[in-house]
Each structure stands twice: as structure tokens, then as C-alpha cells.
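A.B. asks: This is the structure I have questions about; it appears just below.
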Amino acid sequence: MIRCEAVTKSFGKNKALNNCSFEISGPTLTGVIGVNGAGKTSLLKMLAGFLKPDSGEAYVLDQPAFHSMMVAQNLILIEEGMPFYPNAVLSELVDSYHRFYGNFSKPLAQKLIDYFQLNPAQPYQKLSKGMASRFRVVLGLAAQAPITLLDEPNTGMDPSMRKDLYQLILKDYIKNPRIMLISSHYLGEIEQTLEEILLIHKGAVMKHDCLESFQSSLISLQGRPEKIAALEKKVKTYDQKDYGPGQRQIILRTSDFEELGLSEEEKQLELEVKGISSEDCFIYLTKQEGGNLNDIYDS
Ligand SMILES: Nc1ncnc2c1ncn2[C@@H]1O[C@H](COP(=O)(O)OP(=O)(O)OP(=O)(O)O)[C@@H](O)[C@H]1O
């Protein structure tokens, strides 16, 4: 079980987490998504007990996470800035994680090291970015910790290795179902692996849903511009595009679409109603309020 109750954490004037609440009570593969700076890493570090909340509380296995030895032994967080000893070679790091984590599987670590073509005698600090990510995944999966948090495990990996990684994570989870949180900017790639989505926006949970509900929360509506313009006045739209003079598309909430009470005839003859991808859903829901990119080059 992991639970955040109104967790807030600031760094100076910067609020990394802002009244963040959610709960995961049993084995689930959850994707933690959000734009840059949304608070994903801060949330994972909070659950790992590395950060103390300013207010609220993060619980892991019913205990406050901060500096808890019980939490440390039952949870692994892999992330780019893991504090390994300087000059440690991969086999030494595997041994030290094996000593710490009760469920650590050395045979699995060995198989993953071979699969990822890593050299156990090589110092971690000499690995390329993608190879270092591969090694962190070795530790993250071989630890078999009841709570497994993978912060951008695919950083620097080439596309074919990223595909393999998603399969590995899924196979590992099927073999040993547990709470797994994976943060990633590659939602379109990783979504087949996931059961749930935790969308973090401005330090808070914007959505926590199963993948299907997340994806179907927005919908695309296309039709003649005057027809669409009439509907647009009644709902909040997340995007609008014109396709030539004859067609206009809007993106709106599926619940708002249902409330419009359109007849079946209107839907079939006058409008094209389509689902959108989960990645587009994420993009529309979190669209930045910042400037227009055309302003950068057009004077
Ligand atoms: N140690 C720190 N010191 C100061 N500010 C921090 C620190 N850690 C995080 N922040 C700030 O908190 C906010 C959230 O950062 P965080 O790394 O959690 O976001 P993220 O969603 O993981 O981003 P990204 O996708 O870019 O990795 C950012 O504004 C960041 O600058």
C-alpha cells in the first residue's frame, strides 16, 4: 500500500508538490506522467523516504515514509542520480544491493546483465547514459522489492532497447505482481505495459485512473464549422483546428459531449466523433499556458 495525504513540498519558492493525494492499495503497474517540472521525481523521492513533507504525509506499507528503515528495505527507487560509491564496479553494486534487499535475486540480476550486455567488471561511472540506465533497471528488477519505483528507466536508451524494457517490466510484474510506479515521457510507447495512469500536474494529482478511462476522458468532434461553432459556445474545448474551409475539429471532455444531448442522427450525419490517443489526451490536459511558439521567430 502507498498513500499520499495532502503532501506539500517546496524548495525555496518553488512548490514541487502541492496538496498531492492518492492511494494505491494493491499490485498495479502505474505510469506516472506529467510535463517537465510537474513533480514526478519529487513524488517518487517522497515515497522513497528521501524527502520530508512540509505538510501532509506519505505512507508506505502504513508507515510514514521519511527515513523509515522498514520502508527502505521494502522499496526500491531507481533514478538517474542514484548515489553509488565512486569507482564501484557493477558486480560490487549488485553484491551490495543483494545484501540490503531480502528478496534480491542474483540469478535474475545475472540474466539481466547478460541480456543488457553489461560488463560486471566495469565501473558504473564509466558507463554511457543508456548503459547506465540498463544497469539501474537490473537493480530495480532484481531487487524484487514489494514497492518498485522506476523514475524514467528508459533515459538514454535506444528505441529497440526501450521496447524490450517495457516487455521486461511487464514479464517481471506478471511473475511477481507488486506495486510498480514507472515515470516516463514516452506514454505512447509504454502504455501497453500499464494498468493505471497517475497524471501529476503542478505538484498535484490531476488524474488517477485506469488506462482506458484516462484515454476516453477526451473526445474529438469534427464537422461543418458553423455546426461546431454552435457547440463550441456550450463547452470547454481543449483544442480547435480548421481543416480547409469545410471542416472544424474540437477536443472536449467526453462527459461534456454526453451532456450536449445530441441526437443519434446529428452524430451520424453531421459530426464525426472519434477517440484520441492517450498521449494526445495527456498533451491536451496539460497544455502549457505559456507563449505561442510562433512568437519566437515571427516578428
Ligand atoms: N532539490 C531541489 N532543489 C530545488 N528545486 C527542486 C529540487 N527538486 C525539485 N525541484 C523543483 O521542483 C519542481 C518539480 O521537480 P521534479 O524534478 O519533481 O519534476 P519532474 O516532473 O520529475 O520533472 P522532469 O519531467 O523534468 O524530470 C521543479 O520546479 C524543480 O525545479
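Lettering and numbering for the C-alpha cells are positional, with chains as A, B, ... in the shown order, residues counted from 1 in each chain, and ligands counted from 1 in the shown order.
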Counting only C-alpha atoms and all ligand atoms, what residues are within 12 Å of ligand 1, given as a PyMOL selection string?
C.D. replies: chain A and resi 8-18+32-46+50-52+79-81+150-153+155+182-186+198-205
A.B. asks: Pick out the residues sitting within 9 Å of A:Gln240, and hand them over as a list in words; count only C-alpha atoms, and ignore anything fewer than 4 positions along from it in its own chain.
C.D. replies: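 Final neighbour list, sorted by chain and number: Arg248, Gln249, Ile250 and Ile251 of chain A.
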A.B. asks: Measuring between only C-alpha atoms, which one of A:Met131, A:Ser68, A:Gly244, A:Ser277 shows the shortest distance to A:Glu189?
C.D. replies: A:Ser277
A.B. asks: Pick the closest to A:Leu262 from A:His98, A:Lys227, A:Lys241, A:Lys129: which is it, counting only C-alpha atoms?
C.D. replies: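 Once distances to A:Leu262 are computed over only C-alpha atoms, the minimum belongs to A:Lys227.
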A.B. asks: As JSON, numbers by chain, please: every residue in stretch 6-104 of chain A that a backbone DSSP assignment puts in strand (DSSP E).
C.D. replies: {"A": [6, 7, 8, 9, 10, 11, 14, 15, 16, 17, 18, 19, 20, 21, 22, 23, 24, 28, 29, 30, 31, 32, 33, 55, 56, 57, 58, 59, 60, 63, 64, 75, 76, 77, 78]}
A.B. asks: As a PyMOL selection string, please: every residue in stretch 78-193 of chain A that DSSP puts in helix (DSSP H, G or I).
C.D. replies: chain A and resi 90-100+106-115+124-126+129-142+159-175+187-193
A.B. asks: Could you state the separation of atom CA of A:Leu118 and atom CA of A:Tyr173 in Å, given to one decimal place?
C.D. replies: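 Spanning atom CA of A:Leu118 to atom CA of A:Tyr173 is a straight-line distance of 22.5 Å.
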A.B. asks: Write out as a tab-separated table (two decimals) with N, CA and C atoms, in the first residue's frame the residues lying within 10 Å of A:Tyr284, counting only C-alpha atoms and excluding same-chain residues fewer than 4 positions away.
C.D. replies:
chain	number	residue	atom	x	y	z
A	218	LEU	N	-11.22	12.38	-23.00
A	218	LEU	CA	-11.41	13.43	-24.01
A	218	LEU	C	-11.83	12.79	-25.33
A	237	THR	N	-13.32	23.72	-24.56
A	237	THR	CA	-12.59	22.94	-25.56
A	237	THR	C	-11.09	22.95	-25.22
A	238	TYR	N	-10.45	21.83	-25.53
A	238	TYR	CA	-9.02	21.68	-25.23
A	238	TYR	C	-8.17	21.98	-26.45
A	239	ASP	N	-8.78	21.95	-27.64
A	239	ASP	CA	-8.05	22.28	-28.87
A	239	ASP	C	-9.07	22.53	-29.98
A	251	ILE	N	-11.61	19.40	-29.49
A	251	ILE	CA	-11.38	18.35	-28.49
A	251	ILE	C	-12.11	18.80	-27.23
A	252	LEU	N	-12.90	17.92	-26.69
A	252	LEU	CA	-13.66	18.28	-25.48
A	252	LEU	C	-13.75	17.09	-24.55
A	278	SER	N	-3.95	8.16	-25.95
A	278	SER	CA	-3.70	8.56	-24.56
A	278	SER	C	-2.61	9.64	-24.51
A	279	GLU	N	-1.68	9.59	-25.46
A	279	GLU	CA	-0.63	10.61	-25.47
A	279	GLU	C	-1.22	11.99	-25.79
A	280	ASP	N	-2.15	12.03	-26.78
A	280	ASP	CA	-2.82	13.30	-27.09
A	280	ASP	C	-3.64	13.78	-25.90
A	288	GLN	N	0.48	23.82	-21.81
A	288	GLN	CA	1.04	24.95	-21.07
A	288	GLN	C	0.31	26.24	-21.42
A.B. asks: Tell me which of A:Ile296, A:Met157, A:Leu141, A:Ile276 sits closest to A:Ser213, counting only C-alpha atoms.
C.D. replies: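 Among A:Ile296, A:Met157, A:Leu141, A:Ile276, it is A:Ile276 that comes nearest to A:Ser213.
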A.B. asks: Skip A:Glu258 itself and residues of its chain fewer than 6 positions away, then list as number ranges by chain all residues within 12 Å of it, counting only C-alpha atoms.
C.D. replies: A: 217-219, 221, 235, 252, 264, 267, 273
A.B. asks: Let me make sure I understand: among A:Ser105, A:Thr30, A:Thr254, A:Asn19, which one has the smallest atom-to-atom distance to A:Gln215 if we use only C-alpha atoms?
C.D. replies: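 Looking only at the distances to A:Gln215, the closest residue turns out to be A:Thr254.
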A.B. asks: Taking 6 positions as the minimum chain separation for residues in the same chain, which residues sit within 10 Å of A:Leu112 when counting only C-alpha atoms? Answer as a ChimeraX atom specification.
C.D. replies: /A:106,118,134-135,137-139,141-142,168
A.B. asks: Please write the residues from the selection above to a file, keeping C-alpha atoms, as a PDB file, in the first residue's frame.
C.D. replies:
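Saved as part11.pdb:
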ATOM      1  CA  LYS A 106      21.155 -12.761  -8.002  1.00  0.00           C
ATOM      2  CA  LEU A 118      26.838  -5.189 -19.437  1.00  0.00           C
ATOM      3  CA  ARG A 134      20.217  -0.543 -18.325  1.00  0.00           C
ATOM      4  CA  PHE A 135      22.206  -1.259 -15.164  1.00  0.00           C
ATOM      5  CA  VAL A 137      16.979  -1.461 -14.387  1.00  0.00           C
ATOM      6  CA  VAL A 138      18.963  -4.587 -13.442  1.00  0.00           C
ATOM      7  CA  LEU A 139      18.995  -3.425  -9.812  1.00  0.00           C
ATOM      8  CA  LEU A 141      14.007  -5.509 -11.149  1.00  0.00           C
ATOM      9  CA  ALA A 142      16.395  -7.924  -9.420  1.00  0.00           C
ATOM     10  CA  LEU A 168      10.856  -6.936 -19.361  1.00  0.00           C
TER      11      LEU A 168
END
A.B. asks: Taking only C-alpha atoms into account, name the residue in A:Arg136, A:Arg178, A:Arg224, A:Lys274 that is nearest to A:Tyr97.
C.D. replies: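 Closest to A:Tyr97, using only C-alpha atoms: A:Arg136.
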A.B. asks: Considering only C-alpha atoms, return as a PyMOL selection string whatever protein or nucleic-acid residues lie within 8 Å of A:Pro123, sequence-local ones (same chain, fewer than 2 positions apart) excluded.
C.D. replies: chain A and resi 87-90+121+125-127
A.B. asks: For the selection just defined, write its residues with C-alpha atoms to a file, as a PDB file, in the first residue's frame.
C.D. replies:
ATOM      1  CA  ASN A  87      34.636   3.808  -8.713  1.00  0.00           C
ATOM      2  CA  ALA A  88      32.332   0.902  -7.762  1.00  0.00           C
ATOM      3  CA  VAL A  89      32.132  -1.758 -10.480  1.00  0.00           C
ATOM      4  CA  LEU A  90      28.801  -3.302 -11.441  1.00  0.00           C
ATOM      5  CA  ALA A 121      33.853  -5.578 -14.077  1.00  0.00           C
ATOM      6  CA  GLN A 125      30.686   5.868 -13.636  1.00  0.00           C
ATOM      7  CA  LYS A 126      32.298   4.867 -16.942  1.00  0.00           C
ATOM      8  CA  LEU A 127      29.021   3.623 -18.477  1.00  0.00           C
TER       9      LEU A 127
END
A.B. asks: Which of these residues is nearest to A:Glu272, using only C-alpha atoms: A:Gly188, A:Pro107, A:Gly223, A:Gly26?
C.D. replies: A:Gly223
